[in-house]
>>> print(open('input26.txt').read())   # compact mmCIF, C-alpha atoms
# COMPACT_ATOMS: atom_id res chain seq x y z
CA MET A 1 0.00 0.00 0.00
CA ILE A 2 1.25 3.47 -0.91
CA ARG A 3 0.66 6.51 1.30
CA HIS A 4 2.29 9.77 0.27
CA ILE A 5 1.98 13.41 1.31
CA PHE A 6 3.55 16.50 -0.24
CA LYS A 7 3.86 19.81 1.62
CA THR A 8 2.84 22.28 -1.05
CA SER A 9 3.10 25.38 1.17
CA THR A 10 6.89 25.06 1.30
CA TRP A 11 7.29 24.14 -2.37
CA HIS A 12 8.42 27.16 -4.37
CA PRO A 13 9.00 25.65 -7.81
CA THR A 14 11.68 26.97 -10.10
CA GLU A 15 10.83 27.59 -13.74
CA THR A 16 12.43 24.29 -14.72
CA GLU A 17 10.58 22.32 -12.03
CA TRP A 18 7.20 23.80 -12.93
CA LEU A 19 7.69 23.24 -16.66
CA ARG A 20 8.94 19.67 -16.15
CA ALA A 21 5.90 19.05 -13.96
CA ALA A 22 3.59 20.58 -16.54
CA ASN A 23 5.07 18.47 -19.33
CA THR A 24 4.20 15.36 -17.29
CA LEU A 25 0.49 16.20 -17.46
CA SER A 26 -2.04 16.15 -20.27
CA GLU A 27 -3.09 19.37 -21.96
CA SER A 28 -6.46 19.32 -20.19
CA GLU A 29 -4.77 18.87 -16.80
CA ARG A 30 -2.44 21.79 -17.50
CA GLU A 31 -5.37 23.95 -18.57
CA ARG A 32 -7.30 23.13 -15.42
CA ILE A 33 -4.35 24.03 -13.19
CA SER A 34 -3.77 27.28 -15.05
CA GLN A 35 -7.30 28.41 -14.16
CA PHE A 36 -6.58 28.63 -10.43
CA MET A 37 -6.31 32.20 -9.18
CA TYR A 38 -3.71 31.49 -6.50
CA LYS A 39 -0.41 29.65 -6.40
CA ARG A 40 -1.53 27.63 -3.38
CA ASP A 41 -4.35 25.98 -5.30
CA ALA A 42 -2.30 25.46 -8.46
CA LYS A 43 0.51 23.80 -6.46
CA GLN A 44 -1.92 21.54 -4.61
CA SER A 45 -3.52 20.36 -7.83
CA MET A 46 -0.16 19.91 -9.54
CA ALA A 47 1.26 17.92 -6.63
CA GLY A 48 -1.76 15.64 -6.53
CA ARG A 49 -1.48 14.88 -10.24
CA LEU A 50 2.27 14.31 -10.03
CA MET A 51 1.92 11.90 -7.11
CA MET A 52 -0.63 9.89 -9.08
CA ARG A 53 1.41 9.72 -12.26
CA SER A 54 4.64 9.06 -10.38
CA CYS A 55 3.02 6.09 -8.63
CA PHE A 56 1.66 4.69 -11.89
CA ALA A 57 5.09 4.99 -13.52
CA GLN A 58 6.88 3.28 -10.64
CA LEU A 59 4.42 0.37 -10.58
CA SER A 60 4.22 -0.17 -14.33
CA GLY A 61 7.59 0.90 -15.67
CA GLU A 62 5.89 3.27 -18.12
CA THR A 63 6.63 6.98 -18.39
CA PRO A 64 4.52 9.23 -16.14
CA GLU A 65 3.19 11.29 -19.06
CA SER A 66 1.88 8.22 -20.91
CA PHE A 67 -1.26 7.67 -18.81
CA HIS A 68 -4.71 8.84 -19.89
CA LEU A 69 -6.78 9.84 -16.86
CA SER A 70 -10.49 10.55 -16.62
CA ARG A 71 -13.09 10.98 -13.87
CA ASP A 72 -16.13 8.91 -12.99
CA GLU A 73 -19.60 10.27 -12.14
CA SER A 74 -18.53 11.10 -8.57
CA GLY A 75 -15.43 12.95 -9.77
CA LYS A 76 -12.99 10.22 -8.74
CA PRO A 77 -10.04 9.89 -11.15
CA TYR A 78 -9.29 6.63 -12.91
CA ILE A 79 -6.84 5.32 -15.52
CA VAL A 80 -8.32 4.78 -18.98
CA ASP A 81 -7.26 1.40 -20.41
CA PRO A 82 -4.75 0.57 -17.67
CA SER A 83 -1.96 -1.93 -18.22
CA PRO A 84 -2.30 -5.30 -16.39
CA SER A 85 0.01 -4.10 -13.60
CA LEU A 86 -2.41 -1.24 -12.84
CA SER A 87 -5.76 -2.89 -13.59
CA LEU A 88 -6.49 -3.65 -9.92
CA LEU A 89 -5.12 -0.39 -8.55
CA SER A 90 -7.45 1.66 -6.36
CA PHE A 91 -6.17 5.17 -5.69
CA ASN A 92 -7.30 8.53 -4.43
CA VAL A 93 -5.92 12.02 -3.96
CA SER A 94 -6.83 14.96 -1.73
CA HIS A 95 -5.44 18.40 -0.96
CA ALA A 96 -6.20 21.08 1.60
CA GLY A 97 -4.30 23.53 3.76
CA ASP A 98 -0.57 22.96 3.36
CA TYR A 99 -0.65 19.42 1.95
CA ALA A 100 -1.62 17.16 -0.91
CA ALA A 101 -2.14 13.48 -0.07
CA PHE A 102 -2.22 10.33 -2.19
CA ALA A 103 -2.96 6.70 -1.36
CA ALA A 104 -3.10 3.58 -3.54
CA SER A 105 -3.51 -0.18 -3.19
CA THR A 106 -4.01 -3.22 -5.41
CA THR A 107 -5.79 -5.15 -2.63
CA ALA A 108 -8.17 -2.63 -1.03
CA LYS A 109 -10.66 0.07 -1.94
CA ILE A 110 -8.99 3.37 -1.10
CA GLY A 111 -10.18 6.84 -0.13
CA VAL A 112 -8.02 9.62 1.30
CA ASP A 113 -8.79 13.02 2.73
CA VAL A 114 -6.65 15.77 4.22
CA MET A 115 -7.93 18.74 6.20
CA LYS A 116 -6.29 21.59 8.10
CA VAL A 117 -7.76 22.35 11.52
CA GLU A 118 -8.81 25.95 11.17
CA LEU A 119 -11.83 28.21 11.58
CA ARG A 120 -13.10 30.42 8.80
CA ARG A 121 -12.65 34.14 9.27
CA ASN A 122 -15.30 36.04 11.23
CA THR A 123 -17.04 32.81 12.27
CA SER A 124 -17.43 31.35 15.74
CA VAL A 125 -17.19 27.62 16.38
CA GLN A 126 -20.89 27.59 17.25
CA GLN A 127 -21.84 29.32 13.98
CA PHE A 128 -19.62 26.98 12.00
CA PHE A 129 -21.14 23.92 13.63
CA SER A 130 -24.69 25.16 13.05
CA HIS A 131 -24.12 25.02 9.28
CA MET A 132 -22.90 21.41 9.52
CA LYS A 133 -25.63 20.06 11.78
CA ARG A 134 -26.99 17.48 9.33
CA GLN A 135 -23.62 15.95 8.51
CA PHE A 136 -23.16 14.03 11.78
CA THR A 137 -25.18 11.76 14.04
CA ASP A 138 -26.14 12.71 17.60
CA PHE A 139 -23.47 10.29 18.85
CA GLU A 140 -20.81 12.02 16.73
CA TRP A 141 -21.90 15.51 17.77
CA GLN A 142 -21.60 14.46 21.40
CA LYS A 143 -18.01 13.41 20.75
CA ILE A 144 -17.25 16.54 18.70
CA ARG A 145 -18.55 18.88 21.42
CA SER A 146 -17.07 16.97 24.36
CA PRO A 147 -13.78 18.92 24.77
CA ALA A 148 -13.90 21.97 27.02
CA THR A 149 -12.09 24.25 24.54
CA ASP A 150 -13.11 25.48 21.08
CA ARG A 151 -9.78 24.22 19.79
CA GLY A 152 -10.55 20.71 21.03
CA LYS A 153 -14.00 20.83 19.47
CA LEU A 154 -12.53 21.88 16.11
CA VAL A 155 -9.96 19.06 16.22
CA ASN A 156 -12.73 16.52 16.81
CA PHE A 157 -14.87 18.06 14.08
CA TYR A 158 -12.17 17.85 11.42
CA ARG A 159 -11.24 14.37 12.53
CA HIS A 160 -14.81 13.19 11.95
CA TRP A 161 -15.08 15.12 8.69
CA CYS A 162 -11.88 13.54 7.31
CA LEU A 163 -13.18 10.09 8.20
CA LYS A 164 -16.49 10.68 6.43
CA GLU A 165 -14.85 12.16 3.33
CA SER A 166 -12.33 9.34 3.04
CA TYR A 167 -15.07 6.70 3.34
CA VAL A 168 -17.45 8.16 0.74
CA LYS A 169 -14.52 8.72 -1.64
CA ALA A 170 -13.49 5.09 -1.23
CA ILE A 171 -16.97 3.75 -2.00
CA GLY A 172 -17.19 6.11 -4.98
CA THR A 173 -20.36 8.00 -4.10
CA GLY A 174 -18.97 11.30 -2.89
CA LEU A 175 -21.13 13.39 -0.60
CA LYS A 176 -24.31 12.14 -2.32
CA PHE A 177 -24.20 9.31 0.23
CA GLY A 178 -26.21 10.43 3.28
CA LEU A 179 -23.54 11.29 5.82
CA GLN A 180 -25.82 10.59 8.79
CA ARG A 181 -25.97 6.98 7.59
CA ILE A 182 -22.29 6.71 8.52
CA GLN A 183 -21.27 6.83 12.17
CA PHE A 184 -17.70 6.68 13.46
CA ASP A 185 -16.56 5.51 16.86
CA LEU A 186 -13.15 7.09 17.38
CA GLY A 187 -10.13 5.18 18.60
CA ASP A 188 -7.36 6.84 20.57
CA LEU A 189 -4.78 8.98 18.81
CA GLU A 190 -1.37 7.90 20.08
CA ASN A 191 1.56 10.02 18.97
CA GLY A 192 -0.67 11.43 16.25
CA ILE A 193 -1.67 8.03 14.83
CA CYS A 194 -4.85 5.94 15.13
CA LYS A 195 -5.77 2.66 13.43
CA SER A 196 -8.61 1.55 15.71
CA THR A 197 -11.53 3.79 14.65
CA THR A 198 -14.59 1.84 13.47
CA VAL A 199 -17.56 2.69 11.25
CA SER A 200 -21.23 1.72 11.37
CA VAL A 201 -23.44 2.11 8.31
CA ASP A 202 -27.20 2.34 8.83
CA GLY A 203 -26.60 1.30 12.43
CA VAL A 204 -24.59 -1.85 11.59
CA LEU A 205 -20.91 -2.13 12.50
CA ASP A 206 -18.86 -2.82 9.34
CA LEU A 207 -15.55 -4.47 10.21
CA ASN A 208 -14.61 -4.76 6.53
CA TRP A 209 -13.37 -1.17 6.72
CA LYS A 210 -10.18 0.03 8.37
CA PHE A 211 -9.09 3.62 8.88
CA GLU A 212 -5.62 5.05 9.23
CA GLU A 213 -5.59 8.52 10.79
CA ILE A 214 -2.50 10.70 11.03
CA PHE A 215 -2.51 14.07 12.80
CA GLN A 216 0.57 16.18 12.18
CA ASP A 217 1.40 19.81 11.56
CA ASN A 218 -2.22 20.76 12.44
CA HIS A 219 -3.59 18.58 9.61
CA PHE A 220 -5.51 15.33 9.59
CA VAL A 221 -4.69 12.82 6.87
CA THR A 222 -7.17 9.94 6.85
CA ILE A 223 -7.09 6.85 4.66
CA ALA A 224 -10.14 4.59 4.34
CA MET A 225 -9.39 1.01 3.29
CA GLY A 226 -12.03 -1.53 2.37
CA ASN A 227 -11.38 -5.27 2.76
CA VAL A 228 -7.87 -4.93 4.16
CA GLU A 229 -6.18 -6.29 7.24
CA PHE A 230 -3.48 -4.69 9.34
CA SER A 231 -2.44 -4.91 12.94
CA PRO A 232 -3.44 -1.98 15.18
CA GLU A 233 0.11 -2.12 16.51
CA ASP A 234 1.59 -1.35 13.10
CA ARG A 235 2.91 2.17 12.74
CA ALA A 236 1.63 4.36 9.94
CA SER A 237 4.04 4.56 7.05
CA VAL A 238 3.02 7.80 5.35
CA LYS A 239 5.97 9.15 3.39
CA LEU A 240 6.61 12.87 3.00
CA LEU A 241 7.75 13.52 -0.56
CA ASN A 242 9.84 16.27 -2.08
CA PHE A 243 9.80 17.22 -5.76
CA SER A 244 12.98 15.20 -6.28
CA ASP A 245 11.14 12.05 -5.11
CA LEU A 246 8.61 12.27 -7.94
CA VAL A 247 8.92 10.67 -11.35
CA VAL A 248 8.33 13.54 -13.78
CA SER A 249 9.19 14.35 -17.36
CA GLU A 250 12.88 14.96 -17.96
CA ASP A 251 12.03 17.60 -20.54
CA PRO A 252 10.42 20.89 -19.56
CA LEU A 253 7.35 22.21 -21.35
CA SER A 254 8.51 24.45 -24.18
CA ASP A 255 5.84 27.08 -23.42
CA LYS A 256 7.62 29.28 -20.86
CA PHE A 257 4.54 31.47 -20.55
CA TYR A 258 2.98 28.61 -18.57
CA PHE A 259 5.45 29.28 -15.76
CA ALA A 260 5.24 33.06 -16.13
CA SER A 261 1.45 33.01 -15.71
CA PHE A 262 1.84 30.85 -12.60
CA ASP A 263 4.64 32.93 -11.14
CA GLU A 264 2.69 36.18 -11.33
CA LYS A 265 -0.14 34.82 -9.16
CA LYS A 266 -0.44 35.66 -5.47
CA GLU A 267 0.28 32.78 -3.10
CA LEU A 268 -2.93 33.22 -1.08
CA PRO A 269 -6.13 35.30 -1.19
>>> encode(input="input26.txt", output="structure tokens")
Amino acid sequence: MIRHIFKTSTWHPTETEWLRAANTLSESERERISQFMYKRDAKQSMAGRLMMRSCFAQLSGETPESFHLSRDESGKPYIVDPSPSLSLLSFNVSHAGDYAAFAASTTAKIGVDVMKVELRRNTSVQQFFSHMKRQFTDFEWQKIRSPATDRGKLVNFYRHWCLKESYVKAIGTGLKFGLQRIQFDLGDLENGICKSTTVSVDGVLDLNWKFEEIFQDNHFVTIAMGNVEFSPEDRASVKLLNFSDLVVSEDPLSDKFYFASFDEKKELP
């Protein structure tokens, strides 16, 4: 199983890096990334695509730019006409805050979500929660609201939200699946890692699903895995990647304006 994260907030790509990255993608992928208003969003999207293609290249021996990607009805990416070595691969990508995350497996259904623990500007925790009331069960809200501090409540909220997102992404329905049908019973985070959280669907405990939660640098990274076994004692093996770890095109995109248009954007709103 592959679990990778990339810290996009500290990645300041050179012209050569950005153009090599761009040349790894399809024209439609490059166009989509160019539409982002801010560098943060463009870097997150680029990193997610590069982690996918780098994984495919490493597993298949093909070049990273050779894969044709599309999206299903729920927006989940998939490989069009995959080679035999990739035909059973389940993979997912997510990005938020300072990170992009990617997970893949040939033996399990995979969903991944990453979220930064933060509160929107000019919003109280109570106001924020009031807009999300229908997304959690009464049992989950009790757990979310149990800490004495607003910070603790926010941590529990984003932990639950990451779990729900990762699960619905793994089953391929997206948020169309009624989120109150899913209920999580949280395990203990030890040194920022938990592998003992369980899920019930329509009131029935489903032990076919395992969840790997990592809390670091004020972000949750959660991986949902269907039909997989691992020991709760196993340590998480999420790998932090740098640009040099990725398999990208050796040749930069010839259109230098593609970097110039990226470089003139503001980093954040």
>>> residues_around(input="input26.txt", residues="A:Arg159", least_positions_apart="6", cutoff="10 Å", atoms="all atoms listed in the file", output="PyMOL selection string")
chain A and resi 114-117+144+153+186+213-215+219-222
>>> residues_around(input="input26.txt", residues="stretch 21-37 of chain A", least_positions_apart="4", cutoff="10 Å", atoms="only C-alpha atoms", output="ChimeraX atom specification")
/A:13,15-17,41-47,49-50,53-54,63-69,243,246-255,258-259,261-262,265-269
>>> write_last_selection(input="input26.txt", atoms="C-alpha atoms", output="PDB file, in the frame of the given file")
ATOM      1  CA  PRO A  13       9.000  25.650  -7.810  1.00  0.00           C
ATOM      2  CA  GLU A  15      10.830  27.590 -13.740  1.00  0.00           C
ATOM      3  CA  THR A  16      12.430  24.290 -14.720  1.00  0.00           C
ATOM      4  CA  GLU A  17      10.580  22.320 -12.030  1.00  0.00           C
ATOM      5  CA  ASP A  41      -4.350  25.980  -5.300  1.00  0.00           C
ATOM      6  CA  ALA A  42      -2.300  25.460  -8.460  1.00  0.00           C
ATOM      7  CA  LYS A  43       0.510  23.800  -6.460  1.00  0.00           C
ATOM      8  CA  GLN A  44      -1.920  21.540  -4.610  1.00  0.00           C
ATOM      9  CA  SER A  45      -3.520  20.360  -7.830  1.00  0.00           C
ATOM     10  CA  MET A  46      -0.160  19.910  -9.540  1.00  0.00           C
ATOM     11  CA  ALA A  47       1.260  17.920  -6.630  1.00  0.00           C
ATOM     12  CA  ARG A  49      -1.480  14.880 -10.240  1.00  0.00           C
ATOM     13  CA  LEU A  50       2.270  14.310 -10.030  1.00  0.00           C
ATOM     14  CA  ARG A  53       1.410   9.720 -12.260  1.00  0.00           C
ATOM     15  CA  SER A  54       4.640   9.060 -10.380  1.00  0.00           C
ATOM     16  CA  THR A  63       6.630   6.980 -18.390  1.00  0.00           C
ATOM     17  CA  PRO A  64       4.520   9.230 -16.140  1.00  0.00           C
ATOM     18  CA  GLU A  65       3.190  11.290 -19.060  1.00  0.00           C
ATOM     19  CA  SER A  66       1.880   8.220 -20.910  1.00  0.00           C
ATOM     20  CA  PHE A  67      -1.260   7.670 -18.810  1.00  0.00           C
ATOM     21  CA  HIS A  68      -4.710   8.840 -19.890  1.00  0.00           C
ATOM     22  CA  LEU A  69      -6.780   9.840 -16.860  1.00  0.00           C
ATOM     23  CA  PHE A 243       9.800  17.220  -5.760  1.00  0.00           C
ATOM     24  CA  LEU A 246       8.610  12.270  -7.940  1.00  0.00           C
ATOM     25  CA  VAL A 247       8.920  10.670 -11.350  1.00  0.00           C
ATOM     26  CA  VAL A 248       8.330  13.540 -13.780  1.00  0.00           C
ATOM     27  CA  SER A 249       9.190  14.350 -17.360  1.00  0.00           C
ATOM     28  CA  GLU A 250      12.880  14.960 -17.960  1.00  0.00           C
ATOM     29  CA  ASP A 251      12.030  17.600 -20.540  1.00  0.00           C
ATOM     30  CA  PRO A 252      10.420  20.890 -19.560  1.00  0.00           C
ATOM     31  CA  LEU A 253       7.350  22.210 -21.350  1.00  0.00           C
ATOM     32  CA  SER A 254       8.510  24.450 -24.180  1.00  0.00           C
ATOM     33  CA  ASP A 255       5.840  27.080 -23.420  1.00  0.00           C
ATOM     34  CA  TYR A 258       2.980  28.610 -18.570  1.00  0.00           C
ATOM     35  CA  PHE A 259       5.450  29.280 -15.760  1.00  0.00           C
ATOM     36  CA  SER A 261       1.450  33.010 -15.710  1.00  0.00           C
ATOM     37  CA  PHE A 262       1.840  30.850 -12.600  1.00  0.00           C
ATOM     38  CA  LYS A 265      -0.140  34.820  -9.160  1.00  0.00           C
ATOM     39  CA  LYS A 266      -0.440  35.660  -5.470  1.00  0.00           C
ATOM     40  CA  GLU A 267       0.280  32.780  -3.100  1.00  0.00           C
ATOM     41  CA  LEU A 268      -2.930  33.220  -1.080  1.00  0.00           C
ATOM     42  CA  PRO A 269      -6.130  35.300  -1.190  1.00  0.00           C
TER      43      PRO A 269
END
>>> closest_residue(input="input26.txt", among="A:Met51, A:His131, A:Arg151, A:Thr197", to="A:Ser244", atoms="all atoms listed in the file")
A:Met51
>>> residues_around(input="input26.txt", residues="A:Asp72", least_positions_apart="6", cutoff="10 Å", atoms="only C-alpha atoms", output="list in words")
Tyr78, Gly172 and Thr173 of chain A
>>> atom_distance(input="input26.txt", atom1="atom CA of A:Ala260", atom2="atom CA of A:Phe6")
23.0 Å
>>> residues_around(input="input26.txt", residues="A:Ala103", least_positions_apart="4", cutoff="9 Å", atoms="all atoms listed in the file", output="list in words")
Met1, Ile2, Arg3, His4, Ile5, Met52, Ser90, Phe91, Asn92, Val93, Ile110, Gly111, Val112 and Ile223 of chain A
>>> residues_around(input="input26.txt", residues="A:Lys210", least_positions_apart="2", cutoff="10 Å", atoms="only C-alpha atoms", output="list in words")
Ala108, Tyr167, Lys195, Ser196, Thr197, Thr198, Val199, Asp206, Leu207, Asn208, Glu212, Glu213, Ile223, Ala224, Met225, Gly226, Asn227, Val228, Glu229, Phe230 and Pro232 of chain A
>>> closest_residue(input="input26.txt", among="A:Ile182, A:Leu86, A:Val238, A:Leu154", to="A:Ser166", atoms="all atoms listed in the file")
A:Ile182
>>> atom_distance(input="input26.txt", atom1="atom CA of A:Asp188", atom2="atom CA of A:Lys176")
29.0 Å
>>> closest_residue(input="input26.txt", among="A:Val80, A:Ala100, A:Leu240, A:Cys162", to="A:Phe211", atoms="all atoms listed in the file")
A:Cys162
>>> closest_residue(input="input26.txt", among="A:Asn156, A:Asp98, A:Leu88, A:Leu179", to="A:Phe129", atoms="all atoms listed in the file")
A:Asn156
